[in-house]
Each structure stands twice: as structure tokens, then as C-alpha cells.
$ cat upload02.pdb   # PDB, C-alpha atoms
ATOM      1  CA  MET A 884      -5.353  10.848 -25.699  1.00  0.00           C
ATOM      2  CA  ASN A 885      -5.405  13.739 -23.264  1.00  0.00           C
ATOM      3  CA  ILE A 886      -4.853  13.459 -19.515  1.00  0.00           C
ATOM      4  CA  LYS A 887      -8.584  13.299 -18.726  1.00  0.00           C
ATOM      5  CA  GLU A 888      -9.055  10.356 -21.094  1.00  0.00           C
ATOM      6  CA  ALA A 889      -5.964   8.650 -19.672  1.00  0.00           C
ATOM      7  CA  SER A 890      -7.330   9.187 -16.187  1.00  0.00           C
ATOM      8  CA  GLU A 891     -10.637   7.584 -17.136  1.00  0.00           C
ATOM      9  CA  LYS A 892      -8.878   4.672 -18.858  1.00  0.00           C
ATOM     10  CA  THR A 893      -6.508   3.907 -15.969  1.00  0.00           C
ATOM     11  CA  GLY A 894      -8.624   4.934 -12.990  1.00  0.00           C
ATOM     12  CA  VAL A 895      -5.745   7.163 -11.878  1.00  0.00           C
ATOM     13  CA  SER A 896      -6.489  10.826 -11.223  1.00  0.00           C
ATOM     14  CA  SER A 897      -5.069  13.506 -13.508  1.00  0.00           C
ATOM     15  CA  ALA A 898      -3.214  14.919 -10.498  1.00  0.00           C
ATOM     16  CA  ALA A 899      -1.585  11.531  -9.849  1.00  0.00           C
ATOM     17  CA  ILE A 900      -0.538  11.234 -13.499  1.00  0.00           C
ATOM     18  CA  ARG A 901       1.068  14.685 -13.316  1.00  0.00           C
ATOM     19  CA  TYR A 902       2.770  13.659 -10.058  1.00  0.00           C
ATOM     20  CA  TYR A 903       4.082  10.422 -11.600  1.00  0.00           C
ATOM     21  CA  GLU A 904       5.531  12.452 -14.451  1.00  0.00           C
ATOM     22  CA  LYS A 905       7.059  15.060 -12.113  1.00  0.00           C
ATOM     23  CA  GLU A 906       8.638  12.324  -9.978  1.00  0.00           C
ATOM     24  CA  SER A 907       9.999  10.495 -13.072  1.00  0.00           C
ATOM     25  CA  LEU A 908       7.906   7.428 -12.356  1.00  0.00           C
ATOM     26  CA  ILE A 909       6.669   7.620 -15.930  1.00  0.00           C
ATOM     27  CA  PRO A 910       8.561   9.098 -18.884  1.00  0.00           C
ATOM     28  CA  GLU A 911       8.071  12.707 -19.847  1.00  0.00           C
ATOM     29  CA  ILE A 912       4.790  12.893 -21.722  1.00  0.00           C
ATOM     30  CA  ASP A 913       4.793  14.316 -25.249  1.00  0.00           C
ATOM     31  CA  ARG A 914       2.786  17.493 -25.766  1.00  0.00           C
ATOM     32  CA  THR A 915       0.501  18.585 -28.567  1.00  0.00           C
ATOM     33  CA  GLU A 916       1.161  21.813 -30.477  1.00  0.00           C
ATOM     34  CA  VAL A 917      -0.979  23.702 -27.949  1.00  0.00           C
ATOM     35  CA  GLY A 918       0.837  22.166 -24.973  1.00  0.00           C
ATOM     36  CA  ASN A 919      -1.649  19.521 -23.860  1.00  0.00           C
ATOM     37  CA  ARG A 920      -0.300  16.141 -22.784  1.00  0.00           C
ATOM     38  CA  ASP A 921      -0.543  13.542 -25.551  1.00  0.00           C
ATOM     39  CA  ILE A 922      -0.658  10.199 -23.782  1.00  0.00           C
ATOM     40  CA  ASP A 923      -0.122   6.985 -25.730  1.00  0.00           C
ATOM     41  CA  ASP A 924      -0.294   3.283 -24.815  1.00  0.00           C
ATOM     42  CA  ARG A 925       3.342   3.322 -23.699  1.00  0.00           C
ATOM     43  CA  ILE A 926       2.494   5.869 -21.000  1.00  0.00           C
ATOM     44  CA  ILE A 927      -0.741   4.058 -20.097  1.00  0.00           C
ATOM     45  CA  ARG A 928       1.250   0.871 -19.459  1.00  0.00           C
ATOM     46  CA  ARG A 929       3.717   2.788 -17.302  1.00  0.00           C
ATOM     47  CA  ILE A 930       0.887   4.365 -15.302  1.00  0.00           C
ATOM     48  CA  THR A 931      -0.624   0.916 -14.774  1.00  0.00           C
ATOM     49  CA  PHE A 932       2.721  -0.487 -13.626  1.00  0.00           C
ATOM     50  CA  VAL A 933       3.288   2.357 -11.173  1.00  0.00           C
ATOM     51  CA  THR A 934      -0.240   1.972  -9.815  1.00  0.00           C
ATOM     52  CA  GLN A 935       0.224  -1.773  -9.302  1.00  0.00           C
ATOM     53  CA  MET A 936       3.570  -1.349  -7.556  1.00  0.00           C
ATOM     54  CA  ARG A 937       2.205   1.395  -5.294  1.00  0.00           C
ATOM     55  CA  ALA A 938      -0.746  -0.871  -4.448  1.00  0.00           C
ATOM     56  CA  ALA A 939       1.854  -3.488  -3.471  1.00  0.00           C
ATOM     57  CA  GLY A 940       3.254  -0.950  -1.024  1.00  0.00           C
ATOM     58  CA  MET A 941       6.429  -0.074  -2.932  1.00  0.00           C
ATOM     59  CA  SER A 942       7.861   3.265  -1.872  1.00  0.00           C
ATOM     60  CA  ILE A 943       8.301   6.082  -4.374  1.00  0.00           C
ATOM     61  CA  ASP A 944      12.091   5.850  -3.976  1.00  0.00           C
ATOM     62  CA  SER A 945      12.196   2.093  -4.601  1.00  0.00           C
ATOM     63  CA  LEU A 946       9.847   2.437  -7.536  1.00  0.00           C
ATOM     64  CA  ARG A 947      11.899   5.251  -9.012  1.00  0.00           C
ATOM     65  CA  ARG A 948      15.062   3.141  -8.628  1.00  0.00           C
ATOM     66  CA  TYR A 949      13.388   0.150 -10.301  1.00  0.00           C
ATOM     67  CA  ILE A 950      12.251   2.306 -13.218  1.00  0.00           C
ATOM     68  CA  GLN A 951      15.726   3.835 -13.598  1.00  0.00           C
ATOM     69  CA  LEU A 952      17.168   0.326 -13.794  1.00  0.00           C
ATOM     70  CA  PHE A 953      14.536  -0.687 -16.341  1.00  0.00           C
ATOM     71  CA  ASP A 954      15.171   2.384 -18.486  1.00  0.00           C
ATOM     72  CA  ALA A 955      18.962   2.001 -18.395  1.00  0.00           C
ATOM     73  CA  GLN A 956      20.748   0.572 -21.404  1.00  0.00           C
ATOM     74  CA  GLU A 957      22.617  -2.117 -19.472  1.00  0.00           C
ATOM     75  CA  ASP A 958      21.100  -5.336 -18.120  1.00  0.00           C
ATOM     76  CA  ASN A 959      19.968  -4.671 -14.557  1.00  0.00           C
ATOM     77  CA  THR A 960      17.782  -7.724 -14.129  1.00  0.00           C
ATOM     78  CA  LYS A 961      19.478  -8.862 -10.919  1.00  0.00           C
ATOM     79  CA  GLU A 962      18.975  -5.495  -9.240  1.00  0.00           C
ATOM     80  CA  GLN A 963      15.398  -5.262 -10.507  1.00  0.00           C
ATOM     81  CA  LYS A 964      14.636  -8.723  -9.137  1.00  0.00           C
ATOM     82  CA  ALA A 965      16.241  -7.797  -5.809  1.00  0.00           C
ATOM     83  CA  ILE A 966      13.944  -4.764  -5.481  1.00  0.00           C
ATOM     84  CA  LEU A 967      10.896  -6.894  -6.272  1.00  0.00           C
ATOM     85  CA  GLN A 968      11.993  -9.638  -3.860  1.00  0.00           C
ATOM     86  CA  GLU A 969      12.503  -7.078  -1.112  1.00  0.00           C
ATOM     87  CA  GLN A 970       9.009  -5.699  -1.706  1.00  0.00           C
ATOM     88  CA  LEU A 971       7.571  -9.209  -1.715  1.00  0.00           C
ATOM     89  CA  ALA A 972       9.187  -9.876   1.672  1.00  0.00           C
ATOM     90  CA  VAL A 973       7.640  -6.671   3.048  1.00  0.00           C
ATOM     91  CA  MET A 974       4.212  -7.636   1.703  1.00  0.00           C
ATOM     92  CA  GLU A 975       4.481 -11.184   3.089  1.00  0.00           C
ATOM     93  CA  GLU A 976       5.359  -9.790   6.516  1.00  0.00           C
ATOM     94  CA  LYS A 977       2.327  -7.487   6.382  1.00  0.00           C
ATOM     95  CA  ARG A 978       0.167 -10.421   5.281  1.00  0.00           C
ATOM     96  CA  ASP A 979       1.457 -12.515   8.188  1.00  0.00           C
ATOM     97  CA  ASP A 980       0.740  -9.708  10.663  1.00  0.00           C
ATOM     98  CA  LEU A 981      -2.755  -9.331   9.250  1.00  0.00           C
ATOM     99  CA  GLN A 982      -3.322 -13.096   9.367  1.00  0.00           C
ATOM    100  CA  SER A 983      -2.227 -13.140  12.998  1.00  0.00           C
ATOM    101  CA  ALA A 984      -4.772 -10.424  13.832  1.00  0.00           C
ATOM    102  CA  ILE A 985      -7.488 -12.316  11.926  1.00  0.00           C
ATOM    103  CA  ASP A 986      -6.632 -15.524  13.775  1.00  0.00           C
ATOM    104  CA  HIS A 987      -6.813 -13.647  17.096  1.00  0.00           C
ATOM    105  CA  LEU A 988     -10.258 -12.251  16.272  1.00  0.00           C
ATOM    106  CA  ASN A 989     -11.479 -15.676  15.145  1.00  0.00           C
ATOM    107  CA  TYR A 990     -10.285 -17.133  18.438  1.00  0.00           C
ATOM    108  CA  LYS A 991     -12.132 -14.434  20.358  1.00  0.00           C
ATOM    109  CA  LEU A 992     -15.318 -15.084  18.389  1.00  0.00           C
ATOM    110  CA  ASN A 993     -15.068 -18.858  18.623  1.00  0.00           C
ATOM    111  CA  HIS A 994     -14.437 -18.684  22.373  1.00  0.00           C
ATOM    112  CA  PHE A 995     -16.625 -15.719  23.166  1.00  0.00           C
ATOM    113  CA  TYR A 996     -18.610 -17.358  25.957  1.00  0.00           C
ATOM    114  CA  ASP A 997     -15.773 -19.282  27.583  1.00  0.00           C
ATOM    115  CA  HIS A 998     -13.113 -16.591  27.180  1.00  0.00           C
ATOM    116  CA  MET A 999     -14.434 -13.137  26.384  1.00  0.00           C
ATOM    117  CA  GLU A1000     -17.229 -13.063  28.958  1.00  0.00           C
ATOM    118  CA  THR A1001     -14.828 -14.118  31.709  1.00  0.00           C
ATOM    119  CA  THR A1002     -12.163 -11.655  30.603  1.00  0.00           C
ATOM    120  CA  GLU A1003     -14.668  -8.820  30.315  1.00  0.00           C
ATOM    121  CA  GLU A1004     -16.131  -9.584  33.748  1.00  0.00           C
ATOM    122  CA  GLU A1005     -12.601  -9.536  35.239  1.00  0.00           C
ATOM    123  CA  LEU A1006     -12.005  -6.160  33.597  1.00  0.00           C
ATOM    124  CA  ARG A1007     -15.335  -4.810  34.915  1.00  0.00           C
ATOM    125  CA  GLU A1008     -14.367  -5.937  38.419  1.00  0.00           C
ATOM    126  CA  LEU A1009     -11.002  -4.169  38.129  1.00  0.00           C
ATOM    127  CA  GLU A1010     -12.803  -1.017  36.967  1.00  0.00           C
ATOM    128  CA  ARG A1011     -15.206  -1.246  39.959  1.00  0.00           C
ATOM    129  CA  GLN A1012     -12.285  -1.683  42.363  1.00  0.00           C
ATOM    130  CA  HIS A1013     -10.515   1.283  40.814  1.00  0.00           C
ATOM    131  CA  ALA A1014     -13.615   3.486  41.089  1.00  0.00           C
ATOM    132  CA  GLU A1015     -14.149   2.372  44.701  1.00  0.00           C
ATOM    133  CA  LYS A1016     -10.538   3.163  45.572  1.00  0.00           C
ATOM    134  CA  LYS A1017     -10.836   6.642  44.027  1.00  0.00           C
ATOM    135  CA  ALA A1018     -14.098   7.285  45.870  1.00  0.00           C
ATOM    136  CA  ASN A1019     -12.491   6.374  49.215  1.00  0.00           C
ATOM    137  CA  GLN A1020      -9.546   8.740  48.782  1.00  0.00           C
TER     138      GLN A1020
END
$ encode --input "upload02.pdb" --output "C-alpha cells"
Amino acid sequence: MNIKEASEKTGVSSAAIRYYEKESLIPEIDRTEVGNRDIDDRIIRRITFVTQMRAAGMSIDSLRRYIQLFDAQEDNTKEQKAILQEQLAVMEEKRDDLQSAIDHLNYKLNHFYDHMETTEEELRELERQHAEKKANQ
């Protein structure tokens, strides 16, 4: 299939596919006699993998390293697992930060009348005092 068809099949833009190839995130794509990319299922699977790992927040450098280890002849399973575990730790930390923010917003909503109104009124009073002080200078 050509790059447009591969783009439609994977949901990845043609520009991104070219970028993945340029950055060695996918293998060099075979070309037809007229020079068009000839993308097969092997490349489609690689594009899908790269897309999933990027969605998981993996950096281009880490992804490239993982792919180099995968493509190497020797068994690099330990290093590959280490890269994935490191990325998982990063994602879990982001999830925890996001959960903390969600919990904070839920608290604010659940205690809007006994917390937020009081806090906002205190802030309004501080703003009034500040404006008064500036006006008297």
C-alpha cells in the first residue's frame, strides 16, 4: 500500500510516517519501481507500536533505543523491559499528579459553600483593602 493508504489505515499522518522513517523509528520502507513507498503489514505494525509508545509519553530517544534493542541480533530483553518499566513509572507519576488535581477539584466542588465561598470572600476583602491602600497613596 502507498503512504496515503497506510495513513488512513493507521490514523497516522503521512508526514508522521515519513518522520518515523527518517528518525529510524520504523525500518526503511521499500520503494516501488517509480519510487513510491510500498508499505506492508510489517511497517503498519511498527507504525502502530510507535504511535502507542508515543501516546504513553515515551520520548523519541527512548523509543529509538528500544527499537534498536529489538532489532539487534542479541537478546536484549532485560534492557527492553527496563525502558518499558521506566516509562511506566513516568506514566504512573503523571497519573498520580492528575489524580491529586482531580481530588482537589472534587473537594472544592463538594465543599463549595462551606469552603469556596468563605475563601473567595476573604480574597475579595484582600482585594478591596489593596485597592483602598492604593487609592490613599
$ residues_around --input "upload02.pdb" --residues "segment 908-917 of chain A" --least-positions-apart "4" --cutoff "6 Å" --atoms "only C-alpha atoms" --output "JSON, numbers by chain"
{"A": [903, 904, 921, 929, 947]}
$ write_last_selection --input "upload02.pdb" --atoms "C-alpha atoms" --output "mmCIF file, in the frame of the given file"
data_model
loop_
_atom_site.group_PDB
_atom_site.id
_atom_site.type_symbol
_atom_site.label_atom_id
_atom_site.label_comp_id
_atom_site.auth_asym_id
_atom_site.auth_seq_id
_atom_site.Cartn_x
_atom_site.Cartn_y
_atom_site.Cartn_z
ATOM 1 C CA TYR A 903 4.082 10.422 -11.600
ATOM 2 C CA GLU A 904 5.531 12.452 -14.451
ATOM 3 C CA ASP A 921 -0.543 13.542 -25.551
ATOM 4 C CA ARG A 929 3.717 2.788 -17.302
ATOM 5 C CA ARG A 947 11.899 5.251 -9.012
#
$ closest_residue --input "upload02.pdb" --among "A:Lys1017, A:Arg901, A:His987, A:His994" --to "Ile886 of chain A" --atoms "all atoms listed in the file"
A:Arg901
$ atom_distance --input "upload02.pdb" --atom1 "atom CA of Arg925 of chain A" --atom2 "atom CA of Arg948 of chain A"
19.1 Å
$ closest_residue --input "upload02.pdb" --among "A:Thr931, A:Asn919, A:Asn989, A:Gln982" --to "Val895 of chain A" --atoms "only C-alpha atoms"
A:Thr931
$ atom_distance --input "upload02.pdb" --atom1 "atom CA of Glu962 of chain A" --atom2 "atom CA of Met936 of chain A"
16.0 Å
$ resolve_selection --input "upload02.pdb" --expression "the PyMOL selection byres ((chain A and resi 889) around 10)" --output "PyMOL selection string"
chain A and resi 884-888+890-897+900+920-924+926-927+930
$ atom_distance --input "upload02.pdb" --atom1 "atom CA of Asp997 of chain A" --atom2 "atom CA of Asp980 of chain A"
25.5 Å
$ closest_residue --input "upload02.pdb" --among "A:Leu992, A:Gln951, A:Asp979, A:Glu1003" --to "Ile966 of chain A" --atoms "all atoms listed in the file"
A:Gln951
$ axis_aligned_box --input "upload02.pdb" --around "segment 892-909 of chain A" --padding-each-side "4 Å" --output "AutoDock Vina command-line options"
--center_x 0.6 --center_y 9.5 --center_z -14.4 --size_x 26.9 --size_y 19.2 --size_z 17.0
$ resolve_selection --input "upload02.pdb" --expression "the PyMOL selection byres ((chain A and resi 946) around 10)" --output "PDB file with C-alpha atoms, in the coordinates of the input"
ATOM      1  CA  SER A 907       9.999  10.495 -13.072  1.00  0.00           C
ATOM      2  CA  LEU A 908       7.906   7.428 -12.356  1.00  0.00           C
ATOM      3  CA  PHE A 932       2.721  -0.487 -13.626  1.00  0.00           C
ATOM      4  CA  VAL A 933       3.288   2.357 -11.173  1.00  0.00           C
ATOM      5  CA  MET A 936       3.570  -1.349  -7.556  1.00  0.00           C
ATOM      6  CA  ARG A 937       2.205   1.395  -5.294  1.00  0.00           C
ATOM      7  CA  GLY A 940       3.254  -0.950  -1.024  1.00  0.00           C
ATOM      8  CA  MET A 941       6.429  -0.074  -2.932  1.00  0.00           C
ATOM      9  CA  SER A 942       7.861   3.265  -1.872  1.00  0.00           C
ATOM     10  CA  ILE A 943       8.301   6.082  -4.374  1.00  0.00           C
ATOM     11  CA  ASP A 944      12.091   5.850  -3.976  1.00  0.00           C
ATOM     12  CA  SER A 945      12.196   2.093  -4.601  1.00  0.00           C
ATOM     13  CA  ARG A 947      11.899   5.251  -9.012  1.00  0.00           C
ATOM     14  CA  ARG A 948      15.062   3.141  -8.628  1.00  0.00           C
ATOM     15  CA  TYR A 949      13.388   0.150 -10.301  1.00  0.00           C
ATOM     16  CA  ILE A 950      12.251   2.306 -13.218  1.00  0.00           C
ATOM     17  CA  GLN A 951      15.726   3.835 -13.598  1.00  0.00           C
ATOM     18  CA  LEU A 952      17.168   0.326 -13.794  1.00  0.00           C
ATOM     19  CA  GLN A 963      15.398  -5.262 -10.507  1.00  0.00           C
ATOM     20  CA  ILE A 966      13.944  -4.764  -5.481  1.00  0.00           C
ATOM     21  CA  LEU A 967      10.896  -6.894  -6.272  1.00  0.00           C
TER      22      LEU A 967
END
$ closest_residue --input "upload02.pdb" --among "A:Ala898, A:Ala939, A:Glu1008, A:Gln956" --to "Arg978 of chain A" --atoms "all atoms listed in the file"
A:Ala939
$ closest_residue --input "upload02.pdb" --among "A:Leu971, A:Ala899, A:Leu1006, A:Met999" --to "Thr934 of chain A" --atoms "all atoms listed in the file"
A:Ala899
$ closest_residue --input "upload02.pdb" --among "A:Phe995, A:Ala938, A:Ala1014, A:Gln1020" --to "Met974 of chain A" --atoms "only C-alpha atoms"
A:Ala938
